[in-house]
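J.: Input file: coords09.cif. Contents: mmCIF, C-alpha atoms.
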```cif
data_protein
#
loop_
_atom_site.group_PDB
_atom_site.id
_atom_site.type_symbol
_atom_site.label_atom_id
_atom_site.label_comp_id
_atom_site.auth_asym_id
_atom_site.auth_seq_id
_atom_site.Cartn_x
_atom_site.Cartn_y
_atom_site.Cartn_z
ATOM 1 C CA MET D 27 -9.632 -20.914 -117.065
ATOM 2 C CA ALA D 28 -6.501 -19.367 -115.508
ATOM 3 C CA ALA D 29 -3.282 -20.034 -117.411
ATOM 4 C CA PRO D 30 -1.647 -23.162 -115.976
ATOM 5 C CA ASP D 31 1.892 -23.347 -114.588
ATOM 6 C CA ALA D 32 2.206 -26.831 -115.999
ATOM 7 C CA LEU D 33 0.546 -29.316 -118.308
ATOM 8 C CA LEU D 34 0.228 -32.924 -117.214
ATOM 9 C CA VAL D 35 -0.109 -35.256 -120.202
ATOM 10 C CA MET D 36 -1.545 -38.407 -118.653
ATOM 11 C CA GLY D 37 -2.963 -41.756 -119.669
ATOM 12 C CA VAL D 38 -2.236 -45.451 -119.691
ATOM 13 C CA SER D 39 0.998 -46.799 -121.121
ATOM 14 C CA GLY D 40 0.991 -46.560 -124.913
ATOM 15 C CA SER D 41 -1.412 -43.616 -125.103
ATOM 16 C CA GLY D 42 1.328 -41.347 -126.504
ATOM 17 C CA LYS D 43 2.145 -39.246 -123.433
ATOM 18 C CA SER D 44 5.865 -38.852 -124.148
ATOM 19 C CA THR D 45 5.418 -38.102 -127.857
ATOM 20 C CA VAL D 46 2.611 -35.582 -127.289
ATOM 21 C CA GLY D 47 4.345 -34.041 -124.259
ATOM 22 C CA ALA D 48 7.693 -33.521 -126.000
ATOM 23 C CA LEU D 49 6.083 -32.059 -129.115
ATOM 24 C CA LEU D 50 3.842 -29.792 -127.066
ATOM 25 C CA ALA D 51 6.772 -28.531 -124.975
ATOM 26 C CA SER D 52 8.721 -27.797 -128.151
ATOM 27 C CA GLU D 53 5.748 -25.936 -129.642
ATOM 28 C CA LEU D 54 5.252 -23.853 -126.486
ATOM 29 C CA GLY D 55 8.925 -23.362 -125.605
ATOM 30 C CA TRP D 56 8.315 -24.977 -122.210
ATOM 31 C CA LYS D 57 10.484 -27.391 -120.225
ATOM 32 C CA PHE D 58 9.660 -31.087 -120.779
ATOM 33 C CA TYR D 59 9.931 -33.869 -118.218
ATOM 34 C CA ASP D 60 9.144 -37.530 -118.884
ATOM 35 C CA ALA D 61 8.127 -39.251 -115.649
ATOM 36 C CA ASP D 62 9.417 -42.596 -116.947
ATOM 37 C CA ASP D 63 12.952 -41.211 -116.661
ATOM 38 C CA TYR D 64 12.517 -40.939 -112.878
ATOM 39 C CA HIS D 65 11.290 -44.448 -112.064
ATOM 40 C CA PRO D 66 13.672 -46.140 -109.622
ATOM 41 C CA GLU D 67 15.358 -49.283 -110.894
ATOM 42 C CA GLU D 68 13.196 -51.443 -108.595
ATOM 43 C CA ASN D 69 10.040 -50.178 -110.337
ATOM 44 C CA ARG D 70 11.513 -50.834 -113.778
ATOM 45 C CA MET D 71 12.566 -54.350 -112.807
ATOM 46 C CA LYS D 72 9.138 -55.086 -111.379
ATOM 47 C CA MET D 73 7.384 -53.995 -114.574
ATOM 48 C CA GLN D 74 9.838 -55.894 -116.775
ATOM 49 C CA LYS D 75 8.876 -59.027 -114.835
ATOM 50 C CA GLY D 76 5.210 -58.351 -115.624
ATOM 51 C CA ILE D 77 4.314 -57.270 -112.065
ATOM 52 C CA PRO D 78 2.016 -54.204 -111.879
ATOM 53 C CA LEU D 79 3.128 -51.311 -109.695
ATOM 54 C CA ASN D 80 1.072 -50.542 -106.582
ATOM 55 C CA ASP D 81 0.653 -47.370 -104.511
ATOM 56 C CA GLU D 82 3.691 -48.257 -102.411
ATOM 57 C CA ASP D 83 5.793 -48.293 -105.607
ATOM 58 C CA ARG D 84 4.255 -45.223 -107.208
ATOM 59 C CA ILE D 85 3.905 -42.707 -104.366
ATOM 60 C CA PRO D 86 7.664 -42.113 -103.728
ATOM 61 C CA TRP D 87 8.096 -41.691 -107.507
ATOM 62 C CA LEU D 88 5.232 -39.168 -107.638
ATOM 63 C CA CYS D 89 6.673 -37.269 -104.666
ATOM 64 C CA LYS D 90 9.978 -37.019 -106.519
ATOM 65 C CA LEU D 91 8.147 -35.621 -109.548
ATOM 66 C CA HIS D 92 6.302 -33.086 -107.376
ATOM 67 C CA ASP D 93 9.644 -32.059 -105.894
ATOM 68 C CA ILE D 94 11.045 -31.487 -109.401
ATOM 69 C CA LEU D 95 8.076 -29.249 -110.244
ATOM 70 C CA ARG D 96 8.349 -27.450 -106.898
ATOM 71 C CA ARG D 97 12.080 -26.755 -107.305
ATOM 72 C CA PHE D 98 11.543 -25.559 -110.845
ATOM 73 C CA PHE D 99 8.891 -23.054 -109.804
ATOM 74 C CA CYS D 100 10.960 -21.912 -106.817
ATOM 75 C CA PHE D 101 13.817 -21.165 -109.227
ATOM 76 C CA VAL D 102 11.507 -19.163 -111.516
ATOM 77 C CA LEU D 103 10.059 -17.207 -108.585
ATOM 78 C CA PHE D 104 13.548 -16.507 -107.240
ATOM 79 C CA CYS D 105 14.671 -15.148 -110.639
ATOM 80 C CA LEU D 106 11.590 -12.946 -110.842
ATOM 81 C CA PHE D 107 12.255 -11.673 -107.302
ATOM 82 C CA LEU D 108 15.763 -10.661 -108.395
ATOM 83 C CA ASN D 109 14.338 -9.021 -111.557
ATOM 84 C CA ARG D 110 16.282 -11.454 -113.706
ATOM 85 C CA ASP D 111 15.008 -12.703 -117.028
ATOM 86 C CA VAL D 112 14.075 -16.354 -116.935
ATOM 87 C CA ALA D 113 14.957 -18.378 -120.003
ATOM 88 C CA SER D 114 12.204 -19.957 -122.065
ATOM 89 C CA GLY D 115 10.632 -22.813 -120.206
ATOM 90 C CA GLN D 116 9.085 -20.921 -117.297
ATOM 91 C CA HIS D 117 6.343 -23.498 -117.574
ATOM 92 C CA VAL D 118 6.506 -27.270 -117.620
ATOM 93 C CA VAL D 119 5.008 -30.136 -119.608
ATOM 94 C CA LEU D 120 5.106 -33.392 -117.648
ATOM 95 C CA ALA D 121 4.309 -36.740 -119.294
ATOM 96 C CA CYS D 122 3.160 -39.066 -116.517
ATOM 97 C CA SER D 123 0.600 -41.877 -116.271
ATOM 98 C CA ALA D 124 -0.935 -40.288 -113.108
ATOM 99 C CA LEU D 125 -3.685 -42.909 -113.251
ATOM 100 C CA LYS D 126 -5.465 -42.107 -109.951
ATOM 101 C CA LYS D 127 -6.776 -38.788 -108.684
ATOM 102 C CA VAL D 128 -4.658 -39.131 -105.549
ATOM 103 C CA TYR D 129 -1.579 -39.428 -107.786
ATOM 104 C CA ARG D 130 -2.515 -36.214 -109.573
ATOM 105 C CA ASP D 131 -3.100 -34.537 -106.208
ATOM 106 C CA ILE D 132 0.436 -35.493 -105.147
ATOM 107 C CA LEU D 133 1.854 -33.943 -108.323
ATOM 108 C CA ILE D 134 -0.044 -30.718 -107.601
ATOM 109 C CA GLN D 135 0.481 -30.326 -103.855
ATOM 110 C CA GLY D 136 2.809 -33.072 -102.658
ATOM 111 C CA LYS D 137 1.996 -35.093 -99.571
ATOM 112 C CA ASP D 138 1.019 -33.825 -96.117
ATOM 113 C CA ASP D 139 4.462 -34.692 -94.741
ATOM 114 C CA ALA D 140 6.319 -33.062 -97.671
ATOM 115 C CA PRO D 141 8.904 -30.327 -96.906
ATOM 116 C CA LEU D 142 7.761 -26.707 -96.929
ATOM 117 C CA GLU D 143 7.944 -24.678 -100.109
ATOM 118 C CA CYS D 144 10.202 -21.725 -100.807
ATOM 119 C CA ASP D 145 8.698 -18.296 -101.373
ATOM 120 C CA HIS D 146 9.872 -15.771 -103.983
ATOM 121 C CA SER D 147 12.782 -14.718 -101.753
ATOM 122 C CA GLY D 148 14.056 -18.280 -101.463
ATOM 123 C CA LYS D 149 12.785 -18.772 -97.899
ATOM 124 C CA GLU D 150 10.631 -21.723 -96.943
ATOM 125 C CA GLU D 151 6.938 -21.084 -96.520
ATOM 126 C CA LYS D 152 3.626 -22.913 -96.748
ATOM 127 C CA PRO D 153 3.310 -25.374 -99.673
ATOM 128 C CA VAL D 154 2.362 -23.840 -102.996
ATOM 129 C CA GLU D 155 0.043 -25.740 -105.305
ATOM 130 C CA VAL D 156 1.059 -26.064 -108.934
ATOM 131 C CA LYS D 157 -1.659 -24.764 -111.292
ATOM 132 C CA LEU D 158 -2.051 -27.795 -113.505
ATOM 133 C CA LEU D 159 -4.016 -28.499 -116.673
ATOM 134 C CA VAL D 160 -4.494 -32.245 -117.077
ATOM 135 C CA VAL D 161 -4.491 -33.494 -120.670
ATOM 136 C CA HIS D 162 -5.944 -37.007 -120.572
ATOM 137 C CA LEU D 163 -5.064 -39.061 -123.653
ATOM 138 C CA THR D 164 -7.740 -41.714 -123.856
ATOM 139 C CA GLY D 165 -8.483 -44.577 -126.205
ATOM 140 C CA SER D 166 -9.851 -48.101 -126.422
ATOM 141 C CA PHE D 167 -7.943 -51.066 -125.056
ATOM 142 C CA ASP D 168 -7.582 -52.525 -128.553
ATOM 143 C CA ILE D 169 -6.068 -49.371 -130.089
ATOM 144 C CA ILE D 170 -3.612 -48.804 -127.256
ATOM 145 C CA SER D 171 -2.724 -52.492 -127.009
ATOM 146 C CA GLY D 172 -1.859 -52.445 -130.712
ATOM 147 C CA ARG D 173 0.448 -49.495 -130.131
ATOM 148 C CA LEU D 174 2.197 -51.248 -127.245
ATOM 149 C CA LEU D 175 2.783 -54.364 -129.327
ATOM 150 C CA ARG D 176 4.582 -52.225 -131.938
ATOM 151 C CA ARG D 177 6.729 -50.444 -129.333
ATOM 152 C CA LYS D 178 10.279 -51.731 -128.900
ATOM 153 C CA ASP D 179 12.828 -51.444 -126.074
ATOM 154 C CA HIS D 180 10.502 -50.173 -123.346
ATOM 155 C CA PHE D 181 10.412 -51.538 -119.795
ATOM 156 C CA MET D 182 6.596 -51.608 -119.747
ATOM 157 C CA PRO D 183 5.363 -54.900 -121.287
ATOM 158 C CA PRO D 184 1.999 -55.020 -123.136
ATOM 159 C CA GLU D 185 0.773 -57.645 -120.629
ATOM 160 C CA LEU D 186 0.464 -54.947 -117.957
ATOM 161 C CA LEU D 187 -1.908 -52.754 -119.966
ATOM 162 C CA GLN D 188 -5.062 -54.259 -118.446
ATOM 163 C CA SER D 189 -3.771 -53.455 -114.940
ATOM 164 C CA GLN D 190 -3.364 -49.819 -116.027
ATOM 165 C CA PHE D 191 -6.942 -49.648 -117.338
ATOM 166 C CA ASP D 192 -8.119 -51.254 -114.070
ATOM 167 C CA THR D 193 -6.267 -48.608 -112.017
ATOM 168 C CA LEU D 194 -7.280 -45.616 -114.170
ATOM 169 C CA GLU D 195 -9.513 -42.994 -112.553
ATOM 170 C CA THR D 196 -10.624 -40.693 -115.357
ATOM 171 C CA PRO D 197 -10.282 -36.989 -114.447
ATOM 172 C CA SER D 198 -13.517 -35.276 -113.455
ATOM 173 C CA ALA D 199 -14.653 -31.974 -111.912
ATOM 174 C CA PRO D 200 -13.309 -30.128 -110.000
ATOM 175 C CA GLU D 201 -10.062 -31.200 -111.705
ATOM 176 C CA ASN D 202 -8.861 -28.837 -114.429
ATOM 177 C CA PHE D 203 -8.702 -31.157 -117.451
ATOM 178 C CA ILE D 204 -9.390 -31.886 -121.079
ATOM 179 C CA GLN D 205 -9.819 -35.318 -122.613
ATOM 180 C CA ILE D 206 -8.526 -36.167 -126.091
ATOM 181 C CA ASN D 207 -9.019 -39.434 -127.924
ATOM 182 C CA VAL D 208 -5.830 -40.958 -129.328
ATOM 183 C CA ASP D 209 -7.594 -41.938 -132.543
ATOM 184 C CA LYS D 210 -6.914 -38.346 -133.656
ATOM 185 C CA ASN D 211 -3.637 -37.730 -135.468
ATOM 186 C CA LEU D 212 -0.779 -36.033 -133.640
ATOM 187 C CA SER D 213 -1.257 -32.620 -135.240
ATOM 188 C CA GLU D 214 -4.966 -32.627 -134.286
ATOM 189 C CA ILE D 215 -4.110 -33.527 -130.682
ATOM 190 C CA ILE D 216 -1.544 -30.711 -130.426
ATOM 191 C CA ALA D 217 -3.928 -28.225 -132.077
ATOM 192 C CA THR D 218 -6.712 -29.130 -129.611
ATOM 193 C CA ILE D 219 -4.424 -28.563 -126.633
ATOM 194 C CA MET D 220 -3.076 -25.288 -128.039
ATOM 195 C CA GLU D 221 -6.621 -24.054 -128.641
ATOM 196 C CA THR D 222 -7.533 -24.873 -125.027
ATOM 197 C CA LEU D 223 -4.541 -22.879 -123.781
ATOM 198 C CA LYS D 224 -5.670 -19.838 -125.759
#
```
Please express the file's structure as structure tokens.

T.:
Amino acid sequence: MAAPDALLVMGVSGSGKSTVGALLASELGWKFYDADDYHPEENRMKMQKGIPLNDEDRIPWLCKLHDILRRFFCFVLFCLFLNRDVASGQHVVLACSALKKVYRDILIQGKDDAPLECDHSGKEEKPVEVKLLVVHLTGSFDIISGRLLRRKDHFMPPELLQSQFDTLETPSAPENFIQINVDKNLSEIIATIMETLK
């Protein structure tokens, strides 16, 4: 497997994406982004009211996340073009539910009507796909529901968990992915991912 540009830590709400993603980024010295930080207020309000998000809600949010990844990699390529050292974090760990394959495709390559990418000289060129390794944190409804019930001060209520399981499309070939059960402890999860990267 070619070394990825980015790791996507995905799964339903309560699977531990943010915790695993932040710890993994720290371990690797990579940049960490939590997709929850980029939800528009309308999405947050909708979830707080117990209304599941649909494609219309999620796709602009995913496009914004793709744009963040795209700009990050353009910056790295531009620095390399100028023979400048790039600080640690040339790679990215993104924690994002990314429940459907089409959502993961948007994170990798944007949408058909997305703006053109920049090349290593800073000019715009054909879109560049992000080489992504998907880390799917999976677990039973009961285990993850129990986690959500213990979580405080989050805009995602436990009542919406079933809608996330209903929406989930588990990664499969030809996607570049690994699947890890959340019944493992945190150090085991991180060790499994690190071993895969080696």

J.: Which residue is closest to D:Lys157? Choose from D:Leu133, D:Ile94, D:Val38, D:Ile204 and count all atoms listed in the file.

T.: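 Closest residue, counting all atoms listed in the file: D:Leu133.
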
J.: I'd like to see the residues matched by the PyMOL selection byres ((chain D and resi 56) around 12) on this file, and ideally I'd get them as a ChimeraX atom specification.

T.: /D:30-33,47-55,57-59,98,112-120

J.: Could you check which of D:Leu159, D:Asp83, D:Val208, D:Gln190 is closest to D:Leu223, using only C-alpha atoms?

T.: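 Closest to D:Leu223 of all the choices is D:Leu159.
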
J.: What is the distance between atom CA of D:Val128 and atom CA of D:Lys210, in Å to one decimal?

T.: 28.2 Å

J.: Quick one: apply the PyMOL selection byres ((chain D and resi 165-176) around 12) to the file and drop the selected residues here as number ranges by chain.

T.: D: 36-43, 162-164, 177-192, 196, 205-210

J.: Please provide as a PyMOL selection string all residues within 9 Å of D:Asp62, with the sequence filter that same-chain residues fewer than 4 positions apart are discarded (counting only C-alpha atoms).

T.: chain D and resi 44+121-123

J.: Taking only C-alpha atoms into account, name the residue in D:Gln135, D:Asn69, D:Thr222, D:Asn211 that is nearest to D:Leu95.

T.: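 Among the listed residues, the smallest separation from D:Leu95 belongs to D:Gln135.
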
J.: Mind giving me the straight-line distance from atom CA of D:Glu201 to atom CA of D:Arg96 in Å, one decimal?

T.: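 Taking atom CA of D:Glu201 as the start and atom CA of D:Arg96 as the end point, the length is 19.4 Å.
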
J.: So the first atom is atom CA of D:Gly136 and the second is atom CA of D:Cys89; what is the distance between them in Å, to one decimal place?

T.: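 Taking atom CA of D:Gly136 and atom CA of D:Cys89, their separation equals 6.0 Å.
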
J.: Might you spell out which residues the PyMOL selection byres ((chain D and resi 80) around 12) would select in the displayed file, as a list in words?

T.: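 In the shown coordinates, the PyMOL selection byres ((chain D and resi 80) around 12) covers Asn69, Lys72, Met73, Ile77, Pro78, Leu79, Asp81, Glu82, Asp83, Arg84, Ile85, Pro86, Trp87, Leu125, Lys126, Tyr129, Ser189, Gln190, Asp192 and Thr193 of chain D.
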
J.: Could the residues in this selection be saved with C-alpha atoms as a PDB file, in the coordinates of the input?

T.:
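Dumped to part_11.pdb:
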```
ATOM      1  CA  ASN D  69      10.040 -50.178-110.337  1.00  0.00           C
ATOM      2  CA  LYS D  72       9.138 -55.086-111.379  1.00  0.00           C
ATOM      3  CA  MET D  73       7.384 -53.995-114.574  1.00  0.00           C
ATOM      4  CA  ILE D  77       4.314 -57.270-112.065  1.00  0.00           C
ATOM      5  CA  PRO D  78       2.016 -54.204-111.879  1.00  0.00           C
ATOM      6  CA  LEU D  79       3.128 -51.311-109.695  1.00  0.00           C
ATOM      7  CA  ASP D  81       0.653 -47.370-104.511  1.00  0.00           C
ATOM      8  CA  GLU D  82       3.691 -48.257-102.411  1.00  0.00           C
ATOM      9  CA  ASP D  83       5.793 -48.293-105.607  1.00  0.00           C
ATOM     10  CA  ARG D  84       4.255 -45.223-107.208  1.00  0.00           C
ATOM     11  CA  ILE D  85       3.905 -42.707-104.366  1.00  0.00           C
ATOM     12  CA  PRO D  86       7.664 -42.113-103.728  1.00  0.00           C
ATOM     13  CA  TRP D  87       8.096 -41.691-107.507  1.00  0.00           C
ATOM     14  CA  LEU D 125      -3.685 -42.909-113.251  1.00  0.00           C
ATOM     15  CA  LYS D 126      -5.465 -42.107-109.951  1.00  0.00           C
ATOM     16  CA  TYR D 129      -1.579 -39.428-107.786  1.00  0.00           C
ATOM     17  CA  SER D 189      -3.771 -53.455-114.940  1.00  0.00           C
ATOM     18  CA  GLN D 190      -3.364 -49.819-116.027  1.00  0.00           C
ATOM     19  CA  ASP D 192      -8.119 -51.254-114.070  1.00  0.00           C
ATOM     20  CA  THR D 193      -6.267 -48.608-112.017  1.00  0.00           C
TER      21      THR D 193
END
```

J.: Enclose stretch 82-95 of chain D, meaning all of its atoms listed in the file, in a box aligned along x, y and z, pad it by 4 Å on each side, and list the centre and edge lengths in Å to one decimal, as JSON.

T.:
```
{"center_x": 7.4, "center_y": -38.8, "center_z": -106.3, "size_x": 15.4, "size_y": 27.0, "size_z": 15.8}
```
